[in-house]
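Here the structure comes first, spelled out in structure tokens, and everything after it is commentary.
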Amino acid sequence: DAVAMTGGQPVDGQITVDRIAQQMAAEGVNRVVVLSDEPEKYDGHHDLFPKDVTFHDRSELDQVQRELRDIPGCTVLIYDQTCAAEKRRRRKRKQFPDPAKRAFINHHVCEGCGDCSVQSNCLSVVPRKTELGRKRKIDQSSCNKDFSCVNGFCPSFVTIEGGQLRKSRGVDTGSVLTRKLADIPAPKLPEMTGSYDLLVGGVGGTGVVTVGQLITMAAHLESRGASVLDFMGFAQKGGTVLSYVRMAPSPDKLHQVRISNGQADAVIACDLVVASSQKALSVLRPNHTRIVANEAELPTADYVLFRDADMKADKRLGLLKNAVGEDHFDQLDANGIAEKLMGDTVFSNVMMLGFAWQKGLLPLSEAALMKAIELNGVAIDRNKEAFGWGRLAAVDPSAVTDLLDDSNAQVVEVKPEPTLDELINTRHKHLVNYQNQRWADQYQDAVAGVRKAEESLGETNLLLTRAVAQQLYRFMAYKDEYEVARLFAETDFMKEVNETFEGDFKVHFHLAPPLLSGETDAQGRPKKRRFGPWMFRAFRLLAKLRGLRGTAIDPFRYSADRKLDRAMLKDYQSLVDRIGRELNASNYETFLQLAELPADVRGYGPVREQAAESIREKQTQLIKALDTGRPTLIRTQQANEEANHV
């Protein structure tokens with residue numbers, strides 16, 4: 001009911017689903033089926049459709065397509081669902097139901113396998129760096145509430161039903177901001193004798209076009225000449241957006257709308273990937289163009305395609321800095337500040353606008369920009385606040401940092417790379433909680449044996465020891481039913497939930513318990529079921545029973561998943577023993593590849609089984625190379641994915 005990919009224009013002469021079905025049948029189509037995210041809405045209305053039309057839930061898409069493939073002649077599948085981008089627009093305008101329900105990931109349980117991204121193809125499932133590796137989280141600010149990510153075969157997903165996102169972070173930020181802004185001096189604005197060219201780069205759906213429009217409107221209010229040219233990938237959520245903004249004392253000074261190569265006076269880089277693209281780099285001039293960059297890592301399609309994709313943020317920042325000169329470059333974690341102090345990353349780009357203005361990148365008055373925000377008519381007070389936070393961050397970044405530290409916000413997720421000793425000690429503590437002291441000491445002794453062997457070769461970076469410390473831990477702490485229960489019941493999971501949401505909400509779990517399995521989904525995998533808050537009591541009880549793990553009375557011991565876990569642990573322990581006995585300079589690289597290979601084995605159930613199968617051939621080749629004394633280098637899937645990404 002909308003031309004959603006280009007801005008949500010209404011459709012003239014709108015036609016309904018039942019009329020499409022009637023027309024298709026009248027034109028002789030052999031079979032017509034209707035799929036929808038809400039198939040129940042057609043109950044009681046089947047008489048509006050041709051008699052042989054069938055109705056299905058969208059989860060049956062693959063199955064239905066396979067059926068239609070085998071039917072001779074023309075068949076039609078009508079997929080009825082509001083576009084995700086259009087849902088987001090209408091919800092902002094209070095024109096579309098906004099269910100009090102949100103998806104959330106317990107990062108302790110998450111394995112970082114990426115199956116949730118495969119199932120949902122959604123850019124709101126973003127990477128999360130933790131001390132135990134890369135996991136996933138839901139970007140609540142951009143989430144469209146599609147919930148197909150919950151179909152990922154993983155027990156880490158919960159839905160928060162009722163309540164709302166916590167907007168206040170425990171700091172009276174408004175009064176603090178007002179007081180701080182009163183002490184900030186006005187910036188020295190650039191003179192505009194001829195044209196002044198500004199490039200704004202970012203991703204669709206985050207307000208990049210709005211920033212360009214605000215600047216252009218502010219210039220118009222000051223009787224300046226102004227033009228804006230937007231290059232957009234169909235306004236697709238996450239697509240590249242470049243806004244070329246040109247200003248001059250009068251309209252007759254502007255003769256084109258596009259910024260020529262090497263002619264940009266300033267760049268507001270709302271996204272690093274877009275700002276470091278060839279098209280954006282082409283307008284830069286060394287020691288002239290000034291750049292303010294948002295250092296936040298916004299997700300790209302690569303995060304869906306490659307679970308370990310790395311956008312190389314530091315390298316991109318360095319590229320921009322080198323292109324214009326260090327004195328012409330400034331950066332800000334606008335998304336982090338917006339999320340923690342304003343509760344929503346949607347304000348990050350207006351914050352970048354305030355940051356750029358205070359740094360002297362805009363030849364416009366603050367009054368004109370404030371009036372432009374008012375005329376825009378969307379979240380006026382909040383956008384003015386975001387502009388103010390950007391100004392404050394430009395002059396006194398420590399004031400913003402202090403507020404983040406004093407608030408209840410979850411401040412720093414990304415920590416520096418731990419030293420080898422820190423890594424071993426951390427995992428030793430986790431294994432004590434996982435099972436007991438003896439189990440943890442067994443881990444520590446095994447890693448120490450590898451370290452001794454590696455140091456005897458004169459190796460100083462100890463890559464092999466680090467790899468073993470990481471992967472042996474993962475096998476010794478395999479996430480069985482007891483561990484999943486413990487990671488829900490005995491960690492800071494609920495603390496994080498309460499810091500993210502407020503109001504009267506309940507936590508619901510989406511699980512496929514092996515003892516209750518039987519029904520399968522469209523992919524042939526055990527079907528996940530929804531469980532209420534009472535599962536917390538079950539988790540607490542199950543966590544206390546972890547002493548049964550692996551014993552004769554362990555009810556989960558004989559499942560295929562647990563057999564696989566024990567087999568992989570046994571194989572890896574054998575590898576560790578072999579490293580201690582046989583490691584030398586000639587087989588070092590082969591042992592290193594074998595030690596790192598299990599990094600690709602992640603996930604639960606069929607996802608984990610498939611991952612284990614995928615490395616088996618490489619594992620066999622590497623072991624054969626060891627046995628024959630002719631080492632060979634075989635890249636892991638992770639290395640291949642990273643190479644493809646680069």
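Letters A, B, ... go to the chains of the structure tokens in the order shown; residues in each chain start at 1; ligands are counted from 1 in the same order.
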
- Task: Write out as a count of residues only the residues lying within 8 Å of Arg451 of chain A, counting only C-alpha atoms and excluding same-chain residues fewer than 2 positions away.
- Result: 9

- Message: At a cut-off of 10 Å, using only C-alpha atoms, what residues contact segment 375-389 of chain A? Leave out same-chain residues fewer than 6 positions from it and give the result as a PyMOL selection string.
- Response: chain A and resi 92-93+173-174+177-178+180-181+210+213-214+217-218+334+337-338+341-342+346-358+366+369+397+400

Please, could you write that set of residues out with N, CA and C atoms as a CSV table (one decimal), in the first residue's frame?
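Contents of out_15.csv, as written:
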chain,number,residue,atom,x,y,z
A,92,LYS,N,6.7,5.9,13.9
A,92,LYS,CA,7.2,7.2,14.4
A,92,LYS,C,6.1,8.3,14.4
A,93,ARG,N,5.2,8.1,13.4
A,93,ARG,CA,4.1,9.1,13.3
A,93,ARG,C,2.8,8.6,14.0
A,173,THR,N,19.9,15.0,32.6
A,173,THR,CA,20.8,15.5,31.5
A,173,THR,C,20.3,16.9,31.0
A,174,GLY,N,19.1,17.2,31.0
A,174,GLY,CA,18.6,18.4,30.5
A,174,GLY,C,19.2,19.6,31.2
A,177,LEU,N,23.0,19.9,30.8
A,177,LEU,CA,23.3,20.4,29.4
A,177,LEU,C,23.1,21.9,29.3
A,178,THR,N,22.0,22.3,29.9
A,178,THR,CA,21.7,23.8,29.8
A,178,THR,C,22.8,24.6,30.5
A,180,LYS,N,25.9,23.6,31.2
A,180,LYS,CA,27.2,23.5,30.5
A,180,LYS,C,27.2,24.4,29.2
A,181,LEU,N,26.1,24.4,28.5
A,181,LEU,CA,26.1,25.2,27.2
A,181,LEU,C,26.2,26.7,27.4
A,210,THR,N,17.9,14.2,6.4
A,210,THR,CA,17.4,15.3,7.3
A,210,THR,C,18.5,16.3,7.7
A,213,GLN,N,18.9,18.6,4.8
A,213,GLN,CA,17.8,19.5,4.7
A,213,GLN,C,17.8,20.6,5.8
A,214,LEU,N,18.2,20.2,7.0
A,214,LEU,CA,18.3,21.2,8.0
A,214,LEU,C,19.3,22.3,7.7
A,217,MET,N,17.8,24.5,4.8
A,217,MET,CA,16.8,25.3,5.3
A,217,MET,C,17.4,26.5,6.2
A,218,ALA,N,18.4,26.2,7.0
A,218,ALA,CA,19.0,27.2,7.8
A,218,ALA,C,19.6,28.3,6.9
A,334,ALA,N,29.3,9.3,18.3
A,334,ALA,CA,27.9,9.9,18.4
A,334,ALA,C,26.9,8.9,18.8
A,337,ILE,N,27.1,8.0,22.6
A,337,ILE,CA,26.6,9.1,23.4
A,337,ILE,C,25.1,9.2,23.3
A,338,ALA,N,24.6,9.1,22.1
A,338,ALA,CA,23.1,9.3,21.9
A,338,ALA,C,22.3,8.1,22.6
A,341,LEU,N,22.9,8.6,26.7
A,341,LEU,CA,22.3,9.8,27.3
A,341,LEU,C,20.9,10.2,26.8
A,342,MET,N,20.6,9.7,25.6
A,342,MET,CA,19.2,10.1,25.1
A,342,MET,C,18.4,8.9,24.8
A,346,VAL,N,19.0,7.3,17.1
A,346,VAL,CA,18.5,8.1,16.0
A,346,VAL,C,18.9,9.5,16.0
A,347,PHE,N,19.3,10.0,17.2
A,347,PHE,CA,19.7,11.4,17.4
A,347,PHE,C,21.2,11.6,17.1
A,348,SER,N,21.9,10.6,16.7
A,348,SER,CA,23.3,10.7,16.6
A,348,SER,C,23.7,11.6,15.5
A,349,ASN,N,23.0,11.7,14.4
A,349,ASN,CA,23.4,12.5,13.2
A,349,ASN,C,23.1,14.0,13.5
A,350,VAL,N,22.1,14.3,14.2
A,350,VAL,CA,21.9,15.7,14.6
A,350,VAL,C,22.9,16.1,15.7
A,351,MET,N,23.4,15.1,16.5
A,351,MET,CA,24.5,15.4,17.4
A,351,MET,C,25.7,15.7,16.6
A,352,MET,N,26.0,14.9,15.5
A,352,MET,CA,27.1,15.2,14.7
A,352,MET,C,27.0,16.6,14.1
A,353,LEU,N,25.8,17.1,13.7
A,353,LEU,CA,25.6,18.4,13.2
A,353,LEU,C,26.0,19.5,14.2
A,354,GLY,N,25.6,19.3,15.5
A,354,GLY,CA,26.0,20.2,16.6
A,354,GLY,C,27.5,20.2,16.8
A,355,PHE,N,28.1,19.0,16.7
A,355,PHE,CA,29.6,18.8,16.8
A,355,PHE,C,30.3,19.6,15.7
A,356,ALA,N,29.8,19.4,14.5
A,356,ALA,CA,30.4,20.1,13.3
A,356,ALA,C,30.3,21.6,13.5
A,357,TRP,N,29.1,22.1,13.9
A,357,TRP,CA,28.9,23.5,14.0
A,357,TRP,C,29.8,24.1,15.0
A,358,GLN,N,30.0,23.5,16.2
A,358,GLN,CA,30.9,24.0,17.2
A,358,GLN,C,32.3,24.0,16.8
A,366,GLU,N,23.6,29.6,14.9
A,366,GLU,CA,22.9,28.6,15.7
A,366,GLU,C,21.4,28.9,15.6
A,369,LEU,N,19.8,27.4,12.6
A,369,LEU,CA,19.8,25.9,12.7
A,369,LEU,C,18.7,25.5,13.6
A,397,PRO,N,34.8,17.3,25.9
A,397,PRO,CA,34.5,15.9,25.8
A,397,PRO,C,34.5,15.2,27.2
A,400,VAL,N,31.1,15.1,28.9
A,400,VAL,CA,30.2,14.1,28.5
A,400,VAL,C,30.6,12.7,29.0

- Message: Give me, as a PyMOL selection string, the residues of segment 149-391 of chain A that a backbone DSSP run labels alpha helix (DSSP H).
- Response: chain A and resi 173-182+208-221+272-275+278-281+302-305+313-324+334-337+348-358+366-376+380-391

- Task: Go through segment 87-305 of chain A and collect every residue that DSSP, computed from the backbone, puts in strand (DSSP E or B); the answer should be as a PyMOL selection string.
- Result: chain A and resi 101-105+125-130+133-138+157-165+196-203+225-232+240-248+266-269+290-294

- Ala560 of chain A surroundings by only C-alpha atoms, 12 Å radius, close-in-sequence under 3 positions cut, as a PyMOL selection string: chain A and resi 480+514+556-557+563-567+604-606+608-609

Keeping C-alpha atoms for every residue in the selection just given, could you write it to a file as a PDB file, in the first residue's frame?
ATOM      1  CA  ASP A 480      24.538 -27.780  27.539  1.00  0.00           C
ATOM      2  CA  PRO A 514      15.432 -31.719  23.672  1.00  0.00           C
ATOM      3  CA  PHE A 556      20.789 -35.202  28.735  1.00  0.00           C
ATOM      4  CA  ARG A 557      23.896 -37.367  28.501  1.00  0.00           C
ATOM      5  CA  LYS A 563      27.655 -36.827  22.404  1.00  0.00           C
ATOM      6  CA  LEU A 564      29.021 -34.400  19.817  1.00  0.00           C
ATOM      7  CA  ASP A 565      30.251 -32.023  22.531  1.00  0.00           C
ATOM      8  CA  ARG A 566      32.087 -34.765  24.403  1.00  0.00           C
ATOM      9  CA  ALA A 567      33.618 -36.146  21.210  1.00  0.00           C
ATOM     10  CA  TYR A 604      23.478 -25.055  19.008  1.00  0.00           C
ATOM     11  CA  GLY A 605      21.887 -28.241  17.722  1.00  0.00           C
ATOM     12  CA  PRO A 606      21.815 -28.539  13.915  1.00  0.00           C
ATOM     13  CA  ARG A 608      26.639 -26.695  15.595  1.00  0.00           C
ATOM     14  CA  GLU A 609      26.472 -30.078  13.882  1.00  0.00           C
TER      15      GLU A 609
END

- Message: Residues near Arg58 of chain A, anyone? I mean within 12 Å using only C-alpha atoms, not counting same-chain ones fewer than 4 positions away, as JSON, numbers by chain.
- Response: {"A": [33, 34, 35, 36, 37, 38, 39, 40, 62, 63, 64, 65, 77, 78, 79, 80, 81, 146, 148, 522]}

Could you take the residues named above and write them with C-alpha atoms, as an mmCIF file, in the first residue's frame?
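result18.cif was written with the following content:
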data_model
loop_
_atom_site.group_PDB
_atom_site.id
_atom_site.type_symbol
_atom_site.label_atom_id
_atom_site.label_comp_id
_atom_site.auth_asym_id
_atom_site.auth_seq_id
_atom_site.Cartn_x
_atom_site.Cartn_y
_atom_site.Cartn_z
ATOM 1 C CA VAL A 33 -1.503 -18.759 -2.837
ATOM 2 C CA VAL A 34 -1.373 -16.003 -0.249
ATOM 3 C CA LEU A 35 1.379 -15.723 2.381
ATOM 4 C CA SER A 36 1.276 -13.211 5.200
ATOM 5 C CA ASP A 37 2.834 -12.388 8.547
ATOM 6 C CA GLU A 38 -0.776 -12.289 9.793
ATOM 7 C CA PRO A 39 -2.662 -15.022 7.881
ATOM 8 C CA GLU A 40 -5.337 -15.102 10.575
ATOM 9 C CA ASP A 62 10.220 -22.108 1.221
ATOM 10 C CA GLN A 63 7.811 -25.038 1.331
ATOM 11 C CA VAL A 64 5.174 -23.194 -0.715
ATOM 12 C CA GLN A 65 7.692 -22.099 -3.336
ATOM 13 C CA LEU A 77 2.397 -16.250 -4.848
ATOM 14 C CA ILE A 78 1.019 -13.093 -3.212
ATOM 15 C CA TYR A 79 3.128 -12.045 -0.213
ATOM 16 C CA ASP A 80 1.163 -9.670 2.013
ATOM 17 C CA GLN A 81 3.228 -7.777 4.586
ATOM 18 C CA ASP A 146 9.841 -8.274 12.769
ATOM 19 C CA SER A 148 12.242 -13.339 12.565
ATOM 20 C CA ALA A 522 9.987 -25.607 7.795
#

Where does segment 412-511 of chain A meet segment 582-586 of chain A within 10 Å, residue by residue, with the nearest atom pair and distance in Å to one decimal for each, counting only C-alpha atoms, listed by chain and rising number, as JSON lines?
{"residue": "A:Val450", "atom": "CA", "partner": "A:Leu583", "partner_atom": "CA", "distance": 8.8}
{"residue": "A:Ala453", "atom": "CA", "partner": "A:Leu583", "partner_atom": "CA", "distance": 6.6}
{"residue": "A:Glu454", "atom": "CA", "partner": "A:Leu583", "partner_atom": "CA", "distance": 7.4}
{"residue": "A:Ser456", "atom": "CA", "partner": "A:Asn584", "partner_atom": "CA", "distance": 9.0}
{"residue": "A:Leu457", "atom": "CA", "partner": "A:Ala585", "partner_atom": "CA", "distance": 6.9}
{"residue": "A:Gly458", "atom": "CA", "partner": "A:Ala585", "partner_atom": "CA", "distance": 9.6}
{"residue": "A:Glu459", "atom": "CA", "partner": "A:Ala585", "partner_atom": "CA", "distance": 9.7}

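Computed from the coordinates, the atom CA of His108 of chain A to atom CA of Leu487 of chain A distance equals 6.0 Å.
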
- Measuring atom to atom with only C-alpha atoms, identify which of A:Gln331, A:Asn30, A:Thr491, A:Gln278 is nearest to Ala293 of chain A.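 Ranking A:Gln331, A:Asn30, A:Thr491, A:Gln278 by distance to Ala293 of chain A, first place goes to A:Gln331.
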
- Query: Can you list, as a PyMOL selection string, every protein, DNA or RNA residue that comes within 7 Å of segment 109-118 of chain A when you count only C-alpha atoms, leaving out same-chain residues fewer than 2 positions away?
  - Reply: chain A and resi 106-107+120-122+125+134-136+149-153+156+304+307+484+487+602-603

Can you write just those residues out, N, CA and C atoms, as an mmCIF file, in the first residue's frame?
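File result_31.cif, as written:
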data_model
loop_
_atom_site.group_PDB
_atom_site.id
_atom_site.type_symbol
_atom_site.label_atom_id
_atom_site.label_comp_id
_atom_site.auth_asym_id
_atom_site.auth_seq_id
_atom_site.Cartn_x
_atom_site.Cartn_y
_atom_site.Cartn_z
ATOM 1 N N ASN A 106 20.595 -12.614 25.322
ATOM 2 C CA ASN A 106 21.480 -12.846 26.461
ATOM 3 C C ASN A 106 22.855 -13.180 25.893
ATOM 4 N N HIS A 107 23.773 -12.215 25.954
ATOM 5 C CA HIS A 107 25.067 -12.407 25.292
ATOM 6 C C HIS A 107 25.889 -13.511 25.954
ATOM 7 N N SER A 120 16.934 -13.915 9.683
ATOM 8 C CA SER A 120 16.216 -12.641 9.599
ATOM 9 C C SER A 120 16.708 -11.727 8.484
ATOM 10 N N ASN A 121 17.976 -11.906 8.061
ATOM 11 C CA ASN A 121 18.584 -11.009 7.078
ATOM 12 C C ASN A 121 18.463 -9.554 7.522
ATOM 13 N N CYS A 122 18.615 -9.325 8.826
ATOM 14 C CA CYS A 122 18.316 -8.022 9.410
ATOM 15 C C CYS A 122 19.581 -7.338 9.905
ATOM 16 N N VAL A 125 20.433 -6.804 13.881
ATOM 17 C CA VAL A 125 21.177 -7.793 14.660
ATOM 18 C C VAL A 125 22.648 -7.480 14.445
ATOM 19 N N ARG A 134 33.243 -12.319 19.907
ATOM 20 C CA ARG A 134 32.154 -11.559 19.297
ATOM 21 C C ARG A 134 30.838 -12.297 19.440
ATOM 22 N N LYS A 135 29.843 -11.594 19.943
ATOM 23 C CA LYS A 135 28.494 -12.135 20.070
ATOM 24 C C LYS A 135 27.548 -11.274 19.218
ATOM 25 N N ARG A 136 26.261 -11.330 19.527
ATOM 26 C CA ARG A 136 25.261 -10.522 18.826
ATOM 27 C C ARG A 136 24.389 -9.780 19.834
ATOM 28 N N CYS A 149 14.346 -12.837 13.734
ATOM 29 C CA CYS A 149 15.636 -13.199 14.325
ATOM 30 C C CYS A 149 15.478 -14.236 15.428
ATOM 31 N N VAL A 150 14.324 -14.232 16.083
ATOM 32 C CA VAL A 150 14.064 -15.182 17.169
ATOM 33 C C VAL A 150 14.072 -16.609 16.641
ATOM 34 N N ASN A 151 13.870 -16.779 15.323
ATOM 35 C CA ASN A 151 13.876 -18.117 14.723
ATOM 36 C C ASN A 151 15.272 -18.717 14.651
ATOM 37 N N GLY A 152 16.300 -17.906 14.897
ATOM 38 C CA GLY A 152 17.646 -18.454 14.948
ATOM 39 C C GLY A 152 17.698 -19.573 15.972
ATOM 40 N N PHE A 153 18.370 -20.696 15.610
ATOM 41 C CA PHE A 153 18.348 -21.859 16.509
ATOM 42 C C PHE A 153 19.316 -21.625 17.660
ATOM 43 N N SER A 156 19.473 -18.062 23.287
ATOM 44 C CA SER A 156 19.825 -16.768 23.879
ATOM 45 C C SER A 156 18.736 -15.720 23.677
ATOM 46 N N VAL A 304 25.729 -9.573 7.847
ATOM 47 C CA VAL A 304 24.750 -10.631 7.613
ATOM 48 C C VAL A 304 25.395 -11.783 6.849
ATOM 49 N N ARG A 307 29.735 -13.721 9.401
ATOM 50 C CA ARG A 307 29.499 -13.501 10.829
ATOM 51 C C ARG A 307 30.685 -12.848 11.526
ATOM 52 N N VAL A 484 23.251 -23.332 29.968
ATOM 53 C CA VAL A 484 22.300 -22.317 29.507
ATOM 54 C C VAL A 484 21.447 -21.838 30.669
ATOM 55 N N LEU A 487 23.521 -19.546 32.872
ATOM 56 C CA LEU A 487 23.804 -18.255 32.255
ATOM 57 C C LEU A 487 22.582 -17.338 32.239
ATOM 58 N N ARG A 602 30.424 -23.188 16.142
ATOM 59 C CA ARG A 602 29.626 -22.400 17.083
ATOM 60 C C ARG A 602 28.163 -22.759 16.920
ATOM 61 N N GLY A 603 27.370 -22.301 17.868
ATOM 62 C CA GLY A 603 25.935 -22.483 17.758
ATOM 63 C C GLY A 603 25.420 -23.665 18.549
#

- Task: Would you please work out which residue, of A:Gly163, A:Gly580, A:Gly212, A:Pro249, is nearest to Ala100 of chain A when using only C-alpha atoms?
- Result: A:Gly163

- Which residues, written as a VMD selection string, have at least one atom at most 9 Å from segment 42-53 of chain A, with only C-alpha atoms counted and residues fewer than 5 positions away on the same chain left out? chain A and resid 17 to 19 21 to 22 25 31 to 34

Rows by chain and residue number, segment 420-496 of chain A within 12 Å of segment 528-536 of chain A, shortest pair, only C-alpha atoms, as CSV:
residue,atom,partner,partner_atom,distance
A:Val484,CA,A:Phe536,CA,11.4
A:Ala485,CA,A:Phe536,CA,8.3
A:Arg486,CA,A:Phe536,CA,10.0
A:Leu487,CA,A:Phe536,CA,10.9
A:Phe488,CA,A:Phe536,CA,7.6
A:Ala489,CA,A:Phe536,CA,6.5
A:Glu490,CA,A:Phe536,CA,10.2
A:Phe493,CA,A:Phe536,CA,11.5
A:Met494,CA,A:Phe536,CA,10.5

Any chance you can output those residues with N, CA and C atoms as a PDB file, in the first residue's frame?
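Result file follows (out00.pdb):
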ATOM      1  N   VAL A 484      23.251 -23.332  29.968  1.00  0.00           N
ATOM      2  CA  VAL A 484      22.300 -22.317  29.507  1.00  0.00           C
ATOM      3  C   VAL A 484      21.447 -21.838  30.669  1.00  0.00           C
ATOM      4  N   ALA A 485      21.002 -22.777  31.494  1.00  0.00           N
ATOM      5  CA  ALA A 485      20.208 -22.407  32.668  1.00  0.00           C
ATOM      6  C   ALA A 485      21.009 -21.513  33.604  1.00  0.00           C
ATOM      7  N   ARG A 486      22.273 -21.858  33.841  1.00  0.00           N
ATOM      8  CA  ARG A 486      23.109 -21.053  34.736  1.00  0.00           C
ATOM      9  C   ARG A 486      23.335 -19.651  34.183  1.00  0.00           C
ATOM     10  N   LEU A 487      23.521 -19.546  32.872  1.00  0.00           N
ATOM     11  CA  LEU A 487      23.804 -18.255  32.255  1.00  0.00           C
ATOM     12  C   LEU A 487      22.582 -17.338  32.239  1.00  0.00           C
ATOM     13  N   PHE A 488      21.419 -17.908  32.425  1.00  0.00           N
ATOM     14  CA  PHE A 488      20.222 -17.082  32.615  1.00  0.00           C
ATOM     15  C   PHE A 488      20.002 -16.759  34.092  1.00  0.00           C
ATOM     16  N   ALA A 489      20.260 -17.749  34.958  1.00  0.00           N
ATOM     17  CA  ALA A 489      19.887 -17.605  36.365  1.00  0.00           C
ATOM     18  C   ALA A 489      20.966 -16.981  37.235  1.00  0.00           C
ATOM     19  N   GLU A 490      22.238 -17.123  36.873  1.00  0.00           N
ATOM     20  CA  GLU A 490      23.314 -16.735  37.783  1.00  0.00           C
ATOM     21  C   GLU A 490      24.286 -15.710  37.201  1.00  0.00           C
ATOM     22  N   PHE A 493      22.380 -11.054  33.546  1.00  0.00           N
ATOM     23  CA  PHE A 493      21.423 -10.930  32.450  1.00  0.00           C
ATOM     24  C   PHE A 493      20.256 -10.019  32.814  1.00  0.00           C
ATOM     25  N   MET A 494      19.598 -10.266  33.944  1.00  0.00           N
ATOM     26  CA  MET A 494      18.430  -9.458  34.306  1.00  0.00           C
ATOM     27  C   MET A 494      18.827  -8.032  34.660  1.00  0.00           C
TER      28      MET A 494
END

- Message: Under the rule that only C-alpha atoms are counted, which of A:Thr500, A:Gln23, A:Asn425, A:Gln523 is the nearest residue to Ala440 of chain A?
- Response: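 The closest residue to Ala440 of chain A is A:Asn425.
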
- Best match for closeness to Ser124 of chain A among A:Pro363, A:Gly629, A:Gly205, A:Gly343, counting only C-alpha atoms: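 Among A:Pro363, A:Gly629, A:Gly205, A:Gly343, it is A:Gly205 that comes nearest to Ser124 of chain A.
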
- Item | Nearest to Pro185 of chain A by atom-to-atom distance, counting only C-alpha atoms, from A:Ala611, A:Ser559, A:Thr401, A:Ala394 | A:Ala394

- Note on the structure: Atom pair atom CA of Ser277 of chain A + atom CA of Val228 of chain A, distance 19.6 Å

- Task: Measuring atom to atom with only C-alpha atoms, identify which of A:Ile20, A:Gln164, A:Pro97, A:Gly225 is nearest to Glu502 of chain A.
- Result: A:Gln164

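The shell of residues at most 8 Å from segment 568-578 of chain A, with only C-alpha atoms counted and near chain neighbours (fewer than 6 positions) removed, consists of A:Ala446, A:Val450, A:Val468, A:Leu472, A:Phe475, A:Met476, A:Ala595.
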
Mind dumping the selected residues with N, CA and C atoms as a short mmCIF file (atom, residue, chain, number, x, y, z; two decimals), in the first residue's frame?
data_model
loop_
_atom_site.label_atom_id
_atom_site.label_comp_id
_atom_site.auth_asym_id
_atom_site.auth_seq_id
_atom_site.Cartn_x
_atom_site.Cartn_y
_atom_site.Cartn_z
N ALA A 446 46.58 -27.80 31.18
CA ALA A 446 46.72 -28.14 29.75
C ALA A 446 47.30 -26.96 28.97
N VAL A 450 51.12 -26.38 26.81
CA VAL A 450 51.33 -25.83 25.47
C VAL A 450 52.25 -24.62 25.53
N VAL A 468 44.95 -22.08 21.85
CA VAL A 468 44.53 -23.21 22.68
C VAL A 468 43.75 -22.72 23.89
N LEU A 472 40.17 -24.43 23.77
CA LEU A 472 39.99 -25.47 24.78
C LEU A 472 38.93 -25.05 25.79
N PHE A 475 35.46 -25.70 24.40
CA PHE A 475 35.05 -27.10 24.43
C PHE A 475 34.79 -27.59 25.85
N MET A 476 35.57 -27.08 26.81
CA MET A 476 35.38 -27.51 28.19
C MET A 476 34.16 -26.84 28.84
N ALA A 595 44.79 -25.79 16.00
CA ALA A 595 44.31 -25.22 17.26
C ALA A 595 43.25 -24.16 17.03
#
